[in-house]
file input_6.txt (compact mmCIF, C-alpha atoms)
# COMPACT_ATOMS: atom_id res chain seq x y z
CA MET A 1 -68.80 30.44 197.73
CA ALA A 2 -71.38 31.30 195.07
CA ASN A 3 -72.42 28.90 192.31
CA PHE A 4 -73.69 30.28 189.00
CA ILE A 5 -75.82 28.14 186.70
CA ASP A 6 -76.02 29.24 183.07
CA ARG A 7 -79.53 28.44 181.83
CA ARG A 8 -79.43 30.47 178.66
CA LEU A 9 -80.76 28.76 175.54
CA ASN A 10 -77.48 29.31 173.67
CA ALA A 11 -74.97 28.11 176.25
CA LYS A 12 -71.21 28.27 175.90
CA GLY A 13 -69.93 26.15 173.01
CA LYS A 14 -73.23 26.18 171.13
CA SER A 15 -71.61 27.56 167.99
CA THR A 16 -69.12 24.66 168.02
CA VAL A 17 -71.97 22.15 167.96
CA ASN A 18 -73.67 24.00 165.12
CA ARG A 19 -70.37 24.09 163.21
CA GLN A 20 -69.92 20.34 163.48
CA ARG A 21 -73.54 19.84 162.46
CA PHE A 22 -72.96 21.99 159.38
CA ILE A 23 -69.79 20.09 158.42
CA GLU A 24 -71.60 16.76 158.81
CA ARG A 25 -74.56 17.93 156.75
CA TYR A 26 -72.46 19.21 153.83
CA LYS A 27 -69.59 16.73 154.19
CA LYS A 28 -69.86 15.61 150.56
CA GLN A 29 -69.28 19.11 149.18
CA ILE A 30 -66.61 19.93 151.79
CA LYS A 31 -64.66 16.68 151.22
CA LYS A 32 -64.66 17.34 147.46
CA ALA A 33 -63.29 20.84 148.05
CA VAL A 34 -60.65 19.46 150.44
CA SER A 35 -59.48 16.82 147.97
CA ASP A 36 -59.25 19.49 145.23
CA ALA A 37 -57.26 21.77 147.54
CA VAL A 38 -54.53 19.15 148.04
CA THR A 39 -53.47 19.38 144.41
CA ARG A 40 -53.45 23.20 144.34
CA ARG A 41 -51.27 23.75 147.39
CA SER A 42 -47.54 24.12 147.65
CA VAL A 43 -45.53 21.58 149.64
CA THR A 44 -45.14 23.95 152.60
CA ASP A 45 -48.88 24.81 152.80
CA ILE A 46 -50.33 21.34 152.47
CA ASP A 47 -51.34 21.05 156.16
CA LYS A 48 -53.06 24.43 156.64
CA GLY A 49 -56.79 25.18 156.87
CA GLU A 50 -58.95 25.75 153.82
CA GLN A 51 -61.63 28.12 152.53
CA ILE A 52 -64.54 26.10 151.17
CA SER A 53 -67.08 27.46 148.68
CA ILE A 54 -70.46 25.74 148.64
CA PRO A 55 -72.93 26.61 145.85
CA THR A 56 -76.01 28.41 147.16
CA ARG A 57 -78.31 25.81 145.63
CA ASP A 58 -76.74 23.13 147.89
CA ILE A 59 -77.61 24.96 151.13
CA SER A 60 -81.19 25.90 150.26
CA GLU A 61 -83.78 24.87 152.83
CA PRO A 62 -87.22 23.34 152.18
CA LEU A 63 -89.99 25.88 152.79
CA PHE A 64 -93.70 25.51 153.52
CA ARG A 65 -96.10 28.30 152.51
CA GLN A 66 -99.77 28.88 153.24
CA GLY A 67 -101.84 28.04 150.19
CA GLN A 68 -105.14 29.60 149.12
CA GLY A 69 -107.00 26.33 149.63
CA GLY A 70 -110.08 25.06 147.83
CA LYS A 71 -110.43 23.91 144.24
CA ARG A 72 -109.38 26.29 141.50
CA ASN A 73 -109.37 26.20 137.73
CA ARG A 74 -106.74 28.18 135.86
CA ILE A 75 -105.84 28.63 132.24
CA HIS A 76 -102.15 29.33 131.57
CA PRO A 77 -101.30 30.94 128.25
CA GLY A 78 -98.62 29.31 126.17
CA ASN A 79 -95.59 30.96 124.57
CA ASP A 80 -94.30 31.49 121.07
CA GLN A 81 -90.66 30.60 121.84
CA PHE A 82 -90.59 27.01 123.10
CA ASN A 83 -92.43 23.77 122.53
CA ARG A 84 -92.58 20.66 124.67
CA GLY A 85 -89.33 18.68 124.44
CA ASP A 86 -87.12 21.64 123.50
CA GLN A 87 -83.70 21.66 125.15
CA ILE A 88 -82.54 24.96 126.62
CA GLN A 89 -78.81 25.70 126.75
CA ARG A 90 -77.18 26.23 130.13
CA PRO A 91 -76.14 29.88 130.76
CA LYS A 92 -72.43 30.47 130.19
CA GLY A 93 -71.83 32.08 133.58
CA GLY A 94 -72.50 35.00 135.85
CA GLN A 95 -75.45 33.39 137.63
CA GLY A 96 -73.89 31.18 140.31
CA GLY A 97 -71.60 33.64 142.06
CA SER A 98 -68.43 31.77 141.09
CA GLY A 99 -66.85 34.82 139.44
CA GLN A 100 -66.43 33.01 136.11
CA GLY A 101 -68.23 33.73 132.89
CA GLU A 102 -68.75 36.62 130.50
CA ALA A 103 -70.24 39.99 131.28
CA SER A 104 -73.99 40.38 130.80
CA ASP A 105 -76.51 43.23 130.90
CA SER A 106 -79.21 41.05 132.50
CA GLY A 107 -79.77 38.31 135.03
CA GLU A 108 -79.11 38.02 138.74
CA GLY A 109 -77.84 35.39 141.18
CA ASN A 110 -76.36 34.70 144.60
CA ASP A 111 -72.75 34.42 145.67
CA ASP A 112 -71.50 31.00 146.72
CA PHE A 113 -71.42 30.38 150.47
CA VAL A 114 -67.81 30.60 151.71
CA PHE A 115 -66.94 28.48 154.75
CA ASN A 116 -63.53 28.41 156.49
CA ILE A 117 -62.38 25.18 158.11
CA SER A 118 -59.51 24.93 160.58
CA LYS A 119 -56.31 22.90 160.19
CA ASP A 120 -57.63 20.09 162.40
CA GLU A 121 -60.95 19.94 160.54
CA TYR A 122 -59.08 19.95 157.21
CA LEU A 123 -56.82 17.04 158.19
CA GLU A 124 -59.73 15.14 159.77
CA LEU A 125 -61.63 15.24 156.46
CA LEU A 126 -58.47 14.60 154.44
CA PHE A 127 -57.59 11.34 156.19
CA GLU A 128 -61.05 10.06 157.05
CA ASP A 129 -61.51 6.29 156.57
CA LEU A 130 -57.76 5.69 156.10
CA ALA A 131 -55.58 3.31 158.12
CA LEU A 132 -52.38 1.30 157.95
CA PRO A 133 -53.31 -2.03 156.31
CA ASN A 134 -52.70 -5.42 157.96
CA LEU A 135 -51.78 -3.94 161.35
CA GLN A 136 -51.34 -6.69 163.94
CA ASN A 137 -50.82 -6.63 167.70
CA ASN A 138 -47.23 -7.47 168.58
CA HIS A 139 -46.03 -5.47 171.56
CA LEU A 140 -48.66 -3.15 173.02
CA ASN A 141 -46.24 -0.50 174.22
CA LYS A 142 -45.52 2.06 171.52
CA LEU A 143 -48.03 2.78 168.78
CA VAL A 144 -51.21 4.47 169.97
CA GLU A 145 -54.37 4.90 167.91
CA TYR A 146 -57.18 7.27 168.83
CA GLN A 147 -60.63 5.77 169.36
CA THR A 148 -63.95 7.57 169.83
CA TYR A 149 -65.79 6.53 172.99
CA ARG A 150 -68.78 7.50 175.12
CA ALA A 151 -67.79 10.18 177.64
CA GLY A 152 -70.87 10.81 179.75
CA PHE A 153 -73.48 13.41 178.94
CA THR A 154 -73.55 17.07 177.98
CA ASN A 155 -76.13 19.85 177.93
CA ASP A 156 -75.44 20.73 174.29
CA GLY A 157 -75.47 18.51 171.22
CA VAL A 158 -77.17 17.51 168.02
CA PRO A 159 -80.65 15.91 168.00
CA ALA A 160 -79.18 12.59 166.82
CA ASN A 161 -77.24 12.29 170.11
CA ILE A 162 -80.10 13.12 172.48
CA ASN A 163 -80.46 10.74 175.45
CA ILE A 164 -84.18 10.30 176.07
CA VAL A 165 -83.93 8.61 179.47
CA ARG A 166 -81.57 11.22 180.90
CA SER A 167 -83.67 14.05 179.46
CA LEU A 168 -86.89 12.68 180.99
CA ARG A 169 -85.13 12.10 184.31
CA SER A 170 -83.94 15.69 184.33
CA SER A 171 -87.45 16.87 183.37
CA LEU A 172 -88.97 14.91 186.27
CA ALA A 173 -86.46 16.35 188.73
CA ARG A 174 -87.15 19.90 187.54
CA ARG A 175 -90.94 19.46 187.75
CA ILE A 176 -90.65 18.02 191.26
CA ALA A 177 -88.41 20.87 192.38
CA MET A 178 -90.66 23.54 190.89
CA SER A 179 -94.03 22.14 191.99
CA ALA A 180 -93.46 20.05 195.14
CA SER A 181 -94.05 22.89 197.62
CA LYS A 182 -97.15 24.04 195.72
CA LYS A 183 -98.54 20.50 195.67
CA ARG A 184 -98.03 20.18 199.44
CA GLU A 185 -99.79 23.48 199.98
CA LEU A 186 -102.56 22.38 197.61
CA ASN A 187 -103.13 19.16 199.56
CA GLN A 188 -103.32 21.10 202.83
CA LEU A 189 -105.82 23.61 201.40
CA GLN A 190 -107.97 20.82 199.91
CA ALA A 191 -108.03 19.04 203.28
CA GLU A 192 -108.93 22.29 205.05
CA LEU A 193 -111.68 23.01 202.50
CA GLU A 194 -113.13 19.54 202.99
CA GLN A 195 -113.27 20.08 206.78
CA LEU A 196 -114.97 23.46 206.37
CA GLN A 197 -117.56 22.05 203.95
CA ASN A 198 -118.41 19.24 206.38
CA ARG A 199 -118.70 21.64 209.33
CA PRO A 200 -122.21 23.08 209.83
CA GLY A 201 -122.37 26.87 209.80
CA ALA A 202 -119.04 27.33 208.11
CA GLU A 203 -118.19 30.77 206.77
CA ALA A 204 -119.01 31.03 203.07
CA GLU A 205 -116.41 33.76 202.48
CA LYS A 206 -113.62 31.61 203.88
CA ILE A 207 -114.68 28.66 201.70
CA LEU A 208 -114.75 30.90 198.63
CA ALA A 209 -111.27 32.27 199.41
CA LEU A 210 -109.91 28.72 199.82
CA LYS A 211 -111.39 27.68 196.48
CA GLU A 212 -109.83 30.70 194.74
CA HIS A 213 -106.45 29.94 196.30
CA ILE A 214 -106.76 26.28 195.27
CA GLU A 215 -107.53 27.25 191.67
CA LEU A 216 -104.57 29.61 191.61
CA LEU A 217 -102.22 26.87 192.83
CA LYS A 218 -103.56 24.42 190.22
CA LYS A 219 -102.90 26.96 187.46
CA GLN A 220 -99.35 27.56 188.73
CA ILE A 221 -98.67 23.82 188.82
CA ALA A 222 -100.13 23.38 185.33
CA LYS A 223 -97.81 26.09 183.96
CA VAL A 224 -94.72 24.02 184.79
CA PRO A 225 -93.76 22.60 181.34
CA PHE A 226 -93.37 18.85 180.95
CA ILE A 227 -90.08 19.26 179.03
CA ASP A 228 -87.75 22.24 178.74
CA THR A 229 -84.55 22.91 176.80
CA PHE A 230 -82.77 22.95 180.15
CA ASP A 231 -83.76 19.28 180.64
CA LEU A 232 -82.20 18.00 177.42
CA ARG A 233 -79.18 15.75 177.81
CA TYR A 234 -76.99 14.54 174.94
CA ASN A 235 -74.56 11.65 174.66
CA ASN A 236 -71.05 13.04 174.77
CA TYR A 237 -68.23 11.52 172.70
CA ALA A 238 -64.49 12.03 173.07
CA LYS A 239 -61.25 10.53 171.79
CA ARG A 240 -58.82 8.57 173.87
CA GLU A 241 -55.58 6.80 173.18
CA LYS A 242 -55.96 3.16 172.29
CA PRO A 243 -52.75 1.11 172.71
CA SER A 244 -51.94 -0.84 169.59
CA SER A 245 -48.91 -2.39 167.94
CA GLN A 246 -45.60 -0.66 167.41
CA ALA A 247 -44.83 0.06 163.78
CA VAL A 248 -42.19 1.57 161.52
CA MET A 249 -42.65 3.15 158.09
CA PHE A 250 -39.78 3.12 155.57
CA CYS A 251 -39.97 5.95 152.99
CA LEU A 252 -37.82 5.28 149.93
CA MET A 253 -37.44 8.06 147.32
CA ASP A 254 -35.56 8.04 144.02
CA VAL A 255 -33.50 11.24 143.59
CA SER A 256 -31.56 10.21 140.48
CA GLY A 257 -30.93 12.47 137.51
CA SER A 258 -33.96 11.15 135.60
CA MET A 259 -36.24 12.53 138.35
CA ASP A 260 -36.84 16.12 137.21
CA GLN A 261 -38.04 18.82 139.59
CA ALA A 262 -41.75 18.31 138.78
CA THR A 263 -41.49 14.57 139.43
CA LYS A 264 -39.64 15.14 142.71
CA ASP A 265 -42.31 17.66 143.75
CA ILE A 266 -45.04 15.07 143.20
CA ALA A 267 -43.07 12.52 145.23
CA LYS A 268 -42.57 15.06 148.04
CA ARG A 269 -46.30 15.84 148.08
CA PHE A 270 -47.09 12.15 148.39
CA TYR A 271 -44.63 11.67 151.26
CA ILE A 272 -45.83 14.80 153.09
CA LEU A 273 -49.38 13.45 152.89
CA LEU A 274 -48.10 10.15 154.24
CA TYR A 275 -46.18 11.89 157.04
CA LEU A 276 -49.22 13.97 158.09
CA PHE A 277 -51.41 10.88 158.02
CA LEU A 278 -49.04 8.85 160.19
CA THR A 279 -48.27 11.55 162.75
CA ARG A 280 -51.94 12.55 163.09
CA ASN A 281 -53.35 9.06 163.58
CA TYR A 282 -50.53 7.15 165.25
CA LYS A 283 -48.50 8.25 168.24
CA ASN A 284 -44.83 7.21 168.63
CA LEU A 285 -44.72 5.58 165.21
CA GLU A 286 -41.19 5.64 163.80
CA VAL A 287 -40.39 6.79 160.25
CA VAL A 288 -37.15 5.92 158.43
CA TYR A 289 -36.22 8.11 155.42
CA ILE A 290 -34.02 6.69 152.64
CA ARG A 291 -32.87 8.61 149.54
CA HIS A 292 -31.10 6.85 146.69
CA HIS A 293 -29.52 7.28 143.27
CA THR A 294 -26.68 4.81 142.60
CA GLN A 295 -26.17 4.66 146.38
CA ALA A 296 -28.72 4.76 149.16
CA LYS A 297 -28.43 6.75 152.38
CA GLU A 298 -30.57 7.06 155.50
CA VAL A 299 -31.32 10.74 156.12
CA ASP A 300 -33.36 12.90 158.45
CA GLU A 301 -36.69 14.50 157.57
CA HIS A 302 -35.23 17.83 156.41
CA GLU A 303 -32.60 16.29 154.12
CA PHE A 304 -35.15 13.84 152.73
CA PHE A 305 -37.39 16.64 151.46
CA TYR A 306 -34.91 19.41 150.64
CA SER A 307 -31.53 17.89 149.70
CA GLN A 308 -30.36 18.62 146.11
CA GLU A 309 -28.17 15.51 145.73
CA THR A 310 -28.60 13.56 142.49
CA GLY A 311 -26.90 10.89 140.35
CA GLY A 312 -27.54 7.67 138.40
CA THR A 313 -30.13 5.05 139.28
CA ILE A 314 -29.76 1.73 141.13
CA VAL A 315 -33.05 1.06 142.95
CA SER A 316 -31.82 -2.09 144.66
CA SER A 317 -29.46 0.01 146.80
CA ALA A 318 -32.46 1.46 148.67
CA LEU A 319 -34.10 -1.94 149.14
CA LYS A 320 -30.84 -3.43 150.38
CA LEU A 321 -30.33 -0.60 152.91
CA MET A 322 -33.90 -0.92 154.10
CA ASN A 323 -33.41 -4.64 154.70
CA GLU A 324 -30.19 -3.99 156.66
CA ILE A 325 -31.84 -1.33 158.87
CA GLN A 326 -34.85 -3.54 159.48
CA GLN A 327 -32.72 -6.51 160.56
CA ALA A 328 -30.59 -4.36 162.86
CA ARG A 329 -33.28 -2.23 164.54
CA TYR A 330 -36.78 -3.53 163.77
CA PRO A 331 -37.21 -7.32 164.19
CA GLU A 332 -40.30 -8.50 162.32
CA HIS A 333 -41.66 -10.43 165.33
CA GLU A 334 -41.74 -7.20 167.37
CA TRP A 335 -42.60 -4.57 164.78
CA ASN A 336 -45.23 -3.96 162.11
CA ILE A 337 -43.07 -2.98 159.14
CA TYR A 338 -44.37 -0.77 156.32
CA ALA A 339 -42.68 0.71 153.27
CA ALA A 340 -43.59 3.30 150.64
CA GLN A 341 -41.40 3.75 147.57
CA ALA A 342 -41.60 6.49 144.91
CA SER A 343 -39.70 6.45 141.61
CA ASP A 344 -40.04 7.39 137.95
CA GLY A 345 -39.43 3.75 136.98
CA ASP A 346 -36.06 4.44 135.39
CA ASN A 347 -33.52 1.86 136.58
CA TRP A 348 -30.32 0.16 135.48
CA SER A 349 -31.52 -2.66 133.23
CA ASP A 350 -29.70 -5.43 135.10
CA ASP A 351 -30.87 -4.12 138.50
CA SER A 352 -34.65 -4.65 138.19
CA PRO A 353 -34.45 -8.49 138.53
CA HIS A 354 -32.26 -7.92 141.59
CA CYS A 355 -35.02 -5.70 143.06
CA HIS A 356 -37.49 -8.51 142.43
CA ASP A 357 -35.30 -11.00 144.32
CA LEU A 358 -34.75 -8.64 147.26
CA LEU A 359 -38.46 -8.01 147.66
CA ALA A 360 -39.55 -11.61 147.17
CA ASN A 361 -36.94 -13.23 149.41
CA HIS A 362 -36.13 -10.65 152.08
CA ILE A 363 -38.65 -7.80 152.32
CA LEU A 364 -42.20 -8.92 151.45
CA PRO A 365 -42.13 -11.94 153.81
CA LYS A 366 -41.45 -9.51 156.69
CA VAL A 367 -43.47 -6.38 155.91
CA ARG A 368 -47.16 -5.86 156.54
CA TYR A 369 -47.58 -3.65 153.49
CA PHE A 370 -45.34 -2.36 150.70
CA SER A 371 -46.65 0.41 148.42
CA TYR A 372 -44.93 1.51 145.22
CA ILE A 373 -45.89 4.58 143.17
CA GLU A 374 -44.39 5.28 139.76
CA ILE A 375 -44.45 8.91 138.63
CA THR A 376 -44.01 9.10 134.88
CA HIS A 377 -45.64 9.99 131.55
CA ARG A 378 -43.48 7.50 129.67
CA ALA A 379 -44.24 3.86 129.00
CA HIS A 380 -43.53 1.57 131.95
CA GLN A 381 -40.10 -0.05 132.05
CA THR A 382 -38.75 -3.26 133.55
CA LEU A 383 -39.02 -2.10 137.18
CA TRP A 384 -42.78 -1.61 136.89
CA HIS A 385 -43.26 -5.04 135.33
CA GLN A 386 -41.18 -6.70 138.06
CA TYR A 387 -43.32 -5.05 140.75
CA GLN A 388 -46.53 -6.01 138.96
CA THR A 389 -45.38 -9.63 138.93
CA LEU A 390 -44.87 -9.44 142.69
CA GLN A 391 -48.32 -7.89 143.12
CA GLN A 392 -49.86 -10.96 141.49
CA GLN A 393 -47.96 -13.28 143.83
CA TYR A 394 -48.25 -11.40 147.16
CA ASP A 395 -51.24 -9.70 148.76
CA ASN A 396 -49.17 -7.22 150.83
CA ILE A 397 -47.79 -5.14 147.93
CA ALA A 398 -49.67 -2.46 145.99
CA VAL A 399 -48.52 -0.75 142.77
CA GLN A 400 -49.99 2.56 141.58
CA HIS A 401 -49.24 4.97 138.76
CA ILE A 402 -49.22 8.78 139.10
CA ARG A 403 -49.15 10.99 136.03
CA GLU A 404 -50.24 14.42 137.28
CA VAL A 405 -50.50 16.26 140.58
CA GLU A 406 -54.27 15.61 140.53
CA ASP A 407 -53.60 11.86 140.85
CA ILE A 408 -51.75 12.11 144.20
CA TYR A 409 -54.68 12.21 146.63
CA PRO A 410 -56.86 9.56 144.87
CA VAL A 411 -53.85 7.22 144.68
CA PHE A 412 -53.01 7.89 148.34
CA ARG A 413 -56.57 7.05 149.43
CA GLU A 414 -56.51 3.89 147.34
CA LEU A 415 -53.26 2.73 148.94
CA PHE A 416 -54.30 3.38 152.54
CA LYS A 417 -58.06 2.94 152.55
CA LYS A 418 -59.43 1.24 155.63
CA GLN A 419 -59.95 -2.45 155.01
CA ALA A 420 -63.16 -4.25 155.89
CA VAL A 421 -62.96 -6.56 158.90
call {"tool": "encode", "arguments": {"input": "input_6.txt", "output": "structure tokens"}}
result
Amino acid sequence: MANFIDRRLNAKGKSTVNRQRFIERYKKQIKKAVSDAVTRRSVTDIDKGEQISIPTRDISEPLFRQGQGGKRNRIHPGNDQFNRGDQIQRPKGGQGGSGQGEASDSGEGNDDFVFNISKDEYLELLFEDLALPNLQNNHLNKLVEYQTYRAGFTNDGVPANINIVRSLRSSLARRIAMSASKKRELNQLQAELEQLQNRPGAEAEKILALKEHIELLKKQIAKVPFIDTFDLRYNNYAKREKPSSQAVMFCLMDVSGSMDQATKDIAKRFYILLYLFLTRNYKNLEVVYIRHHTQAKEVDEHEFFYSQETGGTIVSSALKLMNEIQQARYPEHEWNIYAAQASDGDNWSDDSPHCHDLLANHILPKVRYFSYIEITHRAHQTLWHQYQTLQQQYDNIAVQHIREVEDIYPVFRELFKKQAV
């Protein structure tokens, strides 16, 4: 059996390391482009990869040049167009490569750098630093989180992950392997030379040949580099499943007649973001979908997002059904219970106090976190004020307002940002 050792400078997977290094270096620009892309996408394309454009000025590298040296005196002529303190207007366009601006008969510039990120990289950046709030360990048998851990060493990596001890150990082993036989031969020749020099009448030619051979061996040993790229070892990191608590997420969506198509689309975008976040970060987490108008109904994922059913509005029907399902299937001492509700705030006037009572007496004492988003351009109605009152009394409920599609991702991050320990 033959063993092949790849000692090329650019080993297999090198481009992957450089790609991750690039993403880390320009994460600020890439994350901004990712957050902007969420609002532009359709519901069906929200989890695909993305094409990122980074302005050329943001990827410029510092450069050192050889100067002329010495002391010089120069006189620079002034100009007849500007004086100190004048403010120059920014060009209207055509210089940054963005494709926007008016035509011009002068000027030049560089195109923006276009960088494609994969679906996994897109979702990783989209949900970075987010987590389910107030998660507690109940039964360590269902929900699994992914945790980064040390996974040995690798031959490729970024300078920040270099392992100095392992690299020096590998360097020592290489130098011993490459020079041990020559050092043994050198010691033998030096001992032989010493015997010849102490022996009277020794042959001068033989002594001279030994000295030349000794010098040659010393040069060969000296050529063995102290450190080589082959010696470098990097700390390797991987993800593994980390058992955590079992949890259930209730998704409650208002589909009444007051929810027009644009409002429903915003609600669907929010819930798709939530679904992607949960399924990407938590394994075996259960999701319960509830749609309601005057009556509430538990539905599957497809019906939740695509059903055309509509009607009047009684929000308490959804809260009541959620409470019944939770008591029957998800005991609070065994499950971490979460809920996310989306509505336009329109509700039967006598029903909002009933919603307050259901949340205060039956739901909030059992759930880890309850998030409510209201999607409307109108003034807030009684339902919003009832929820705000609960927010002042309980620390496990959050209320947010969405007006436009652009508000979805910032509101989502605010609701599920990772809490400090």
call {"tool": "residues_around", "arguments": {"input": "input_6.txt", "residues": "stretch 363-365 of chain A", "least_positions_apart": "2", "cutoff": "9 Å", "atoms": "only C-alpha atoms", "output": "list in words"}}
result
Leu319, Met322, Asn323, Leu358, Leu359, Ala360, Asn361, Val367, Arg368, Tyr369, Phe370, Tyr394, Asn396 and Ile397 of chain A
call {"tool": "residues_around", "arguments": {"input": "input_6.txt", "residues": "stretch 158-168 of chain A", "least_positions_apart": "3", "cutoff": "6 Å", "atoms": "all atoms listed in the file", "output": "CSV table (one decimal) with C-alpha atoms, keeping the file's coordinate frame"}}
result
chain,number,residue,atom,x,y,z
A,171,SER,CA,-87.4,16.9,183.4
A,231,ASP,CA,-83.8,19.3,180.6
A,232,LEU,CA,-82.2,18.0,177.4
A,233,ARG,CA,-79.2,15.8,177.8
A,234,TYR,CA,-77.0,14.5,174.9
A,235,ASN,CA,-74.6,11.6,174.7
call {"tool": "residues_around", "arguments": {"input": "input_6.txt", "residues": "A:Ile402", "least_positions_apart": "4", "cutoff": "12 Å", "atoms": "all atoms listed in the file", "output": "MDAnalysis selection string"}}
result
chainID A and resid 263 266:267 269:270 342:345 372:378 380 406:412
call {"tool": "closest_atom_pairs", "arguments": {"input": "input_6.txt", "of": "stretch 236-323 of chain A", "to": "stretch 333-338 of chain A", "cutoff": "10 Å", "atoms": "all atoms listed in the file", "output": "Markdown table"}}
result
| residue | atom | partner | partner_atom | distance |
| --- | --- | --- | --- | --- |
| A:Ser245 | CA | A:Asn336 | CA | 7.1 |
| A:Gln246 | CA | A:Trp335 | CA | 5.6 |
| A:Ala247 | CA | A:Asn336 | CA | 4.4 |
| A:Val248 | CA | A:Ile337 | CA | 5.2 |
| A:Met249 | CA | A:Tyr338 | CA | 4.6 |
| A:Phe250 | CA | A:Tyr338 | CA | 6.1 |
| A:Cys251 | CA | A:Tyr338 | CA | 8.7 |
| A:Glu286 | CA | A:Ile337 | CA | 10.0 |
| A:Val287 | CA | A:Tyr338 | CA | 9.4 |
call {"tool": "closest_residue", "arguments": {"input": "input_6.txt", "among": "A:Cys355, A:Asn198, A:Arg403, A:Asp350", "to": "A:Thr389", "atoms": "only C-alpha atoms"}}
result
A:Cys355
call {"tool": "closest_residue", "arguments": {"input": "input_6.txt", "among": "A:Ala191, A:Asp260, A:Lys417, A:Ile325", "to": "A:Glu128", "atoms": "all atoms listed in the file"}}
result
A:Lys417
call {"tool": "residues_around", "arguments": {"input": "input_6.txt", "residues": "A:Glu194", "least_positions_apart": "5", "cutoff": "12 Å", "atoms": "all atoms listed in the file", "output": "number ranges by chain"}}
result
A: 187-189, 199-200, 202, 207, 210-211
call {"tool": "residues_around", "arguments": {"input": "input_6.txt", "residues": "A:Leu186", "least_positions_apart": "3", "cutoff": "9 Å", "atoms": "all atoms listed in the file", "output": "ChimeraX atom specification"}}
result
/A:181-183,189-191,213-214,217-218
call {"tool": "write_last_selection", "arguments": {"input": "input_6.txt", "atoms": "C-alpha atoms", "output": "CSV table (one decimal), keeping the file's coordinate frame"}}
result
chain,number,residue,atom,x,y,z
A,181,SER,CA,-94.0,22.9,197.6
A,182,LYS,CA,-97.2,24.0,195.7
A,183,LYS,CA,-98.5,20.5,195.7
A,189,LEU,CA,-105.8,23.6,201.4
A,190,GLN,CA,-108.0,20.8,199.9
A,191,ALA,CA,-108.0,19.0,203.3
A,213,HIS,CA,-106.4,29.9,196.3
A,214,ILE,CA,-106.8,26.3,195.3
A,217,LEU,CA,-102.2,26.9,192.8
A,218,LYS,CA,-103.6,24.4,190.2
call {"tool": "atom_distance", "arguments": {"input": "input_6.txt", "atom1": "atom CA of A:Leu274", "atom2": "atom CA of A:Pro133"}}
result
13.4 Å
call {"tool": "closest_residue", "arguments": {"input": "input_6.txt", "among": "A:Arg291, A:Arg72, A:Arg184, A:His354", "to": "A:Tyr306", "atoms": "all atoms listed in the file"}}
result
A:Arg291
call {"tool": "atom_distance", "arguments": {"input": "input_6.txt", "atom1": "atom CA of A:Leu252", "atom2": "atom CA of A:Gln341"}}
result
4.6 Å
call {"tool": "atom_distance", "arguments": {"input": "input_6.txt", "atom1": "atom CA of A:His292", "atom2": "atom CA of A:Gln388"}}
result
21.5 Å
call {"tool": "closest_residue", "arguments": {"input": "input_6.txt", "among": "A:Gln400, A:Ser307, A:Gln386, A:Ser258", "to": "A:Asp357", "atoms": "all atoms listed in the file"}}
result
A:Gln386
call {"tool": "decode", "arguments": {"input": "input_6.txt", "residues": "stretch 305-315 of chain A", "atoms": "N, CA and C atoms", "output": "CSV table (one decimal), in the first residue's frame"}}
result
chain,number,residue,atom,x,y,z
A,305,PHE,N,-49.5,29.0,5.9
A,305,PHE,CA,-48.9,30.0,5.0
A,305,PHE,C,-49.7,30.3,3.8
A,306,TYR,N,-50.5,29.4,3.3
A,306,TYR,CA,-51.1,29.5,2.0
A,306,TYR,C,-52.6,29.4,2.0
A,307,SER,N,-53.3,29.2,3.1
A,307,SER,CA,-54.8,29.1,3.1
A,307,SER,C,-55.4,30.5,2.8
A,308,GLN,N,-56.5,30.5,2.1
A,308,GLN,CA,-57.2,31.8,1.8
A,308,GLN,C,-58.4,32.1,2.7
A,309,GLU,N,-58.5,31.3,3.8
A,309,GLU,CA,-59.7,31.5,4.6
A,309,GLU,C,-59.7,32.8,5.4
A,310,THR,N,-60.8,33.5,5.5
A,310,THR,CA,-60.9,34.8,6.2
A,310,THR,C,-62.2,34.9,6.9
A,311,GLY,N,-62.4,36.0,7.6
A,311,GLY,CA,-63.6,36.2,8.4
A,311,GLY,C,-63.5,37.4,9.3
A,312,GLY,N,-64.3,37.4,10.4
A,312,GLY,CA,-64.2,38.5,11.4
A,312,GLY,C,-63.0,38.4,12.3
A,313,THR,N,-63.0,39.1,13.4
A,313,THR,CA,-61.9,39.0,14.3
A,313,THR,C,-62.3,38.8,15.8
A,314,ILE,N,-61.8,37.7,16.3
A,314,ILE,CA,-61.9,37.5,17.8
A,314,ILE,C,-60.5,36.9,18.2
A,315,VAL,N,-59.6,37.7,18.7
A,315,VAL,CA,-58.3,37.3,19.0
A,315,VAL,C,-58.2,36.3,20.1
